[in-house]
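Below is target_8.pdb, holding PDB, C-alpha atoms.
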```pdb
ATOM      1  CA  MET A   1     115.937  76.931 112.170
ATOM      2  CA  LEU A   2     113.479  74.893 110.181
ATOM      3  CA  SER A   3     114.633  71.822 108.306
ATOM      4  CA  ARG A   4     115.233  72.095 104.575
ATOM      5  CA  ILE A   5     113.053  69.640 102.686
ATOM      6  CA  SER A   6     111.545  69.921  99.247
ATOM      7  CA  TRP A   7     108.068  71.407  98.741
ATOM      8  CA  GLU A   8     106.832  68.177  97.121
ATOM      9  CA  SER A   9     107.742  66.113 100.202
ATOM     10  CA  ARG A  10     105.836  68.344 102.614
ATOM     11  CA  PRO A  11     102.527  67.051 103.954
ATOM     12  CA  VAL A  12      99.535  68.220 101.936
ATOM     13  CA  ARG A  13      98.225  70.166 104.959
ATOM     14  CA  SER A  14     101.320  72.433 104.827
ATOM     15  CA  ARG A  15     100.940  73.411 101.185
ATOM     16  CA  PRO A  16      98.581  76.119  99.960
ATOM     17  CA  THR A  17      95.529  74.166  98.866
ATOM     18  CA  GLY A  18      92.857  74.572  96.272
ATOM     19  CA  ARG A  19      93.026  76.205  92.916
ATOM     20  CA  GLY A  20      95.048  79.328  92.961
ATOM     21  CA  PHE A  21      97.044  81.745  90.911
ATOM     22  CA  LYS A  22     100.750  82.358  90.483
ATOM     23  CA  LEU A  23     100.928  86.112  90.908
ATOM     24  CA  SER A  24     103.535  88.813  91.155
ATOM     25  CA  LEU A  25     101.760  91.581  93.046
ATOM     26  CA  PRO A  26     103.347  94.072  95.451
ATOM     27  CA  MET A  27     102.220  93.717  99.041
ATOM     28  CA  SER A  28     103.119  94.535 102.608
ATOM     29  CA  VAL A  29     103.273  92.096 105.514
ATOM     30  CA  GLU A  30     102.830  92.977 109.185
ATOM     31  CA  GLY A  31     103.163  90.818 112.250
ATOM     32  CA  PRO A  32     105.377  89.630 115.095
ATOM     33  CA  ASP A  33     108.882  88.230 114.719
ATOM     34  CA  PRO A  34     109.909  85.212 116.876
ATOM     35  CA  GLU A  35     110.762  87.556 119.795
ATOM     36  CA  GLY A  36     107.333  89.221 119.581
ATOM     37  CA  ALA A  37     108.554  92.519 118.068
ATOM     38  CA  PHE A  38     106.242  93.998 115.433
ATOM     39  CA  PHE A  39     107.601  94.285 111.858
ATOM     40  CA  HIS A  40     106.386  95.727 108.551
ATOM     41  CA  GLU A  41     107.954  94.497 105.283
ATOM     42  CA  GLU A  42     107.329  95.210 101.608
ATOM     43  CA  THR A  43     107.491  92.079  99.422
ATOM     44  CA  THR A  44     105.837  90.422  96.411
ATOM     45  CA  LEU A  45     103.043  87.857  96.445
ATOM     46  CA  ALA A  46     104.039  84.654  94.610
ATOM     47  CA  TYR A  47     100.861  82.508  94.844
ATOM     48  CA  MET A  48      97.358  82.885  96.230
ATOM     49  CA  SER A  49      94.223  80.764  96.481
ATOM     50  CA  HIS A  50      91.060  81.164  98.538
ATOM     51  CA  GLN A  51      92.776  79.190 101.338
ATOM     52  CA  GLY A  52      96.436  80.167 101.223
ATOM     53  CA  ALA A  53      99.225  82.445 100.077
ATOM     54  CA  LEU A  54     102.943  82.027  99.407
ATOM     55  CA  PHE A  55     105.508  84.851  99.443
ATOM     56  CA  PRO A  56     109.165  85.594 100.234
ATOM     57  CA  LEU A  57     109.868  87.257 103.582
ATOM     58  CA  LYS A  58     113.213  88.540 104.892
ATOM     59  CA  ASN A  59     112.024  88.924 108.499
ATOM     60  CA  ALA A  60     112.208  85.819 110.651
ATOM     61  CA  VAL A  61     108.803  84.440 111.666
ATOM     62  CA  SER A  62     107.495  81.479 113.673
ATOM     63  CA  LEU A  63     105.090  78.741 112.639
ATOM     64  CA  GLY A  64     101.633  79.457 113.995
ATOM     65  CA  SER A  65     102.127  83.238 114.054
ATOM     66  CA  ARG A  66      99.434  85.471 112.609
ATOM     67  CA  LEU A  67     100.290  87.920 109.808
ATOM     68  CA  LYS A  68      98.376  90.665 108.027
ATOM     69  CA  LEU A  69      98.797  90.997 104.246
ATOM     70  CA  VAL A  70      97.909  94.115 102.250
ATOM     71  CA  VAL A  71      98.037  93.241  98.531
ATOM     72  CA  ALA A  72      97.919  95.929  95.842
ATOM     73  CA  LEU A  73      95.391  94.769  93.261
ATOM     74  CA  PRO A  74      95.878  95.487  89.539
ATOM     75  CA  PRO A  75      94.211  98.790  88.463
ATOM     76  CA  LYS A  76      92.205  96.895  85.832
ATOM     77  CA  LEU A  77      90.257  95.129  88.605
ATOM     78  CA  GLY A  78      89.215  98.433  90.134
ATOM     79  CA  GLU A  79      88.264 100.064  86.840
ATOM     80  CA  GLY A  80      91.107 102.543  87.228
ATOM     81  CA  ARG A  81      90.870 102.915  91.017
ATOM     82  CA  ALA A  82      93.727 101.682  93.190
ATOM     83  CA  LEU A  83      92.379  98.859  95.357
ATOM     84  CA  LYS A  84      94.021  96.711  97.972
ATOM     85  CA  LEU A  85      93.109  93.358  99.480
ATOM     86  CA  VAL A  86      93.569  93.134 103.254
ATOM     87  CA  VAL A  87      93.606  89.613 104.691
ATOM     88  CA  LYS A  88      95.034  87.863 107.748
ATOM     89  CA  GLY A  89      96.304  84.342 108.166
ATOM     90  CA  THR A  90      98.414  81.879 110.118
ATOM     91  CA  ILE A  91     101.890  80.710 109.111
ATOM     92  CA  VAL A  92     101.804  76.990 108.280
ATOM     93  CA  ASP A  93     105.222  76.585 106.642
ATOM     94  CA  VAL A  94     108.525  78.384 106.069
ATOM     95  CA  GLU A  95     110.888  77.100 103.388
ATOM     96  CA  ALA A  96     114.503  78.217 103.082
ATOM     97  CA  GLY A  97     115.248  80.488 100.101
ATOM     98  CA  ASP A  98     116.741  79.128  96.880
ATOM     99  CA  GLY A  99     120.390  80.012  97.541
ATOM    100  CA  ASP A 100     122.078  83.256  96.456
ATOM    101  CA  GLY A 101     120.683  85.034  99.520
ATOM    102  CA  ALA A 102     117.042  84.543  98.471
ATOM    103  CA  PRO A 103     114.661  85.084 101.412
ATOM    104  CA  PRO A 104     112.636  82.184 102.847
ATOM    105  CA  GLN A 105     109.204  81.433 101.358
ATOM    106  CA  VAL A 106     106.325  81.725 103.842
ATOM    107  CA  ALA A 107     103.090  79.739 103.411
ATOM    108  CA  LEU A 108     100.047  81.278 105.068
ATOM    109  CA  ARG A 109      96.631  79.672 105.709
ATOM    110  CA  LEU A 110      94.201  82.530 105.122
ATOM    111  CA  GLU A 111      91.195  83.409 107.239
ATOM    112  CA  SER A 112      87.878  83.456 105.414
ATOM    113  CA  ARG A 113      87.342  87.170 106.163
ATOM    114  CA  TYR A 114      88.962  89.794 103.967
ATOM    115  CA  ILE A 115      88.525  93.453 103.004
ATOM    116  CA  ILE A 116      88.903  95.106  99.614
ATOM    117  CA  GLN A 117      89.352  98.838 100.020
ATOM    118  CA  ALA A 118      90.301 101.834  97.932
ATOM    119  CA  ASP A 119      93.906 102.902  98.378
ATOM    120  CA  GLY A 120      93.311 106.535  99.267
ATOM    121  CA  GLY A 121      96.819 107.332 100.469
ATOM    122  CA  ASP A 122      96.485 110.326 102.834
ATOM    123  CA  ASP A 123      92.684 110.333 102.368
ATOM    124  CA  ALA A 124      92.311 106.826 103.805
ATOM    125  CA  PRO A 125      89.669 106.641 106.543
ATOM    126  CA  GLY A 126      90.839 106.450 110.137
ATOM    127  CA  PRO A 127      94.284 106.743 111.663
ATOM    128  CA  GLU A 128      96.899 104.030 111.269
ATOM    129  CA  PRO A 129      97.779 102.267 114.535
ATOM    130  CA  PRO A 130     101.328 102.940 115.757
ATOM    131  CA  PRO A 131     103.872 100.141 115.139
ATOM    132  CA  SER A 132     104.027  99.469 118.875
ATOM    133  CA  ALA A 133     100.330  98.481 118.870
ATOM    134  CA  PRO A 134      99.664  96.069 115.963
ATOM    135  CA  SER A 135      96.048  95.241 115.201
ATOM    136  CA  LEU A 136      96.553  91.543 114.533
TER
END
```

This structure in structure tokens:
Amino acid sequence: MLSRISWESRPVRSRPTGRGFKLSLPMSVEGPDPEGAFFHEETTLAYMSHQGALFPLKNAVSLGSRLKLVVALPPKLGEGRALKLVVKGTIVDVEAGDGDGAPPQVALRLESRYIIQADGGDDAPGPEPPPSAPSL
């Protein structure tokens, strides 16, 4: 398990950098657990900048693993349409939860590429890949 040290004492390279926003947006996370098994988890985004994201995650993950985030954007941004931000990144830090069974906080360094797409539900283009074949 990772050591428990305060966020302030972590090296600057491990923290999400740049100007960002404290957010509370629903999102899903997909990726491999430490044994390589694919998982999908619904959670809430806590912070995001152009370089990084921070969010709680119940599933165990390993530093250096790649995750895919699908963030539901506020309807106001899409002028009434449901939009979602799809972005991938690499885990740079995992901090133990704040007691009371809180899940660990995962810090992700984001890739520069991202997609904003309409959330069409059943009308979404293309089939979803099966869980046994993640597209990370």

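Proximity ranking of A:Val61, A:Leu77, A:Leu69, A:Val87 relative to Ser28 in chain A places A:Leu69 first, based on only C-alpha atoms.
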
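The interatomic distance for the pair CA of Val92 in chain A and CA of Asp119 in chain A works out to 28.8 Å.
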
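Counting all atoms listed in the file, the residue from A:Gly64, A:Pro32, A:Pro74, A:Pro56 that sits nearest to Thr90 in chain A is A:Gly64.
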
Fill in: Coordinates-based distance that separates CA of Arg66 in chain A from CA of Gly78 in chain A (Å, one decimal)
27.9 Å

Worksheet entry | Atom pair CA of Glu79 in chain A / CA of Arg109 in chain A: separation (Å) | 29.0 Å

Discussion item. Report as a list of chain:residue names all protein, DNA and RNA residues lying within 12 Å of Pro34 in chain A, evaluated on only C-alpha atoms, omitting residues in the same chain fewer than 5 positions from it.
Written reply: A:Met1, A:Phe39, A:Asn59, A:Ala60, A:Val61, A:Ser62, A:Leu63, A:Gly64, A:Ser65, A:Arg66

Worksheet entry | All residues 7 Å or closer to range 50-55 of chain A, only C-alpha atoms, same chain fewer than 2 positions away omitted, as a ChimeraX atom specification | /A:16-18,44-48,57,105-110

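Nearest to Gly89 in chain A of all the residues A:Lys22, A:His40, A:Lys68, A:Lys58 is A:Lys68, counting only C-alpha atoms.
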
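Listed by chain and then by number, the residues chosen by the PyMOL selection byres ((chain A and resi 86) around 8) in this file are A:Lys68, A:Leu69, A:Val70, A:Val71, A:Lys84, A:Leu85, A:Val87, A:Lys88, A:Tyr114, A:Ile115, A:Ile116, A:Gln117.
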
Discussion item. Calculated over all atoms listed in the file, which of the candidates A:Phe38, A:Asp100, A:Glu95, A:Ala118 has the smallest distance to Leu83 in chain A?
Written reply: A:Ala118

Return as lines of an AutoDock Vina configuration file the centre and edge lengths, in Å with one decimal, of the box along x, y and z that encloses every atom of range 60-67 of chain A in the file, padded by 5 Å per side.
```
center_x = 105.8
center_y = 83.3
center_z = 111.9
size_x = 22.8
size_y = 19.2
size_z = 14.2
```

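Across A:Leu67, A:Gly36, A:Ala72, A:Arg113, the tightest approach to Leu23 in chain A is made by A:Ala72 when counting all atoms listed in the file.
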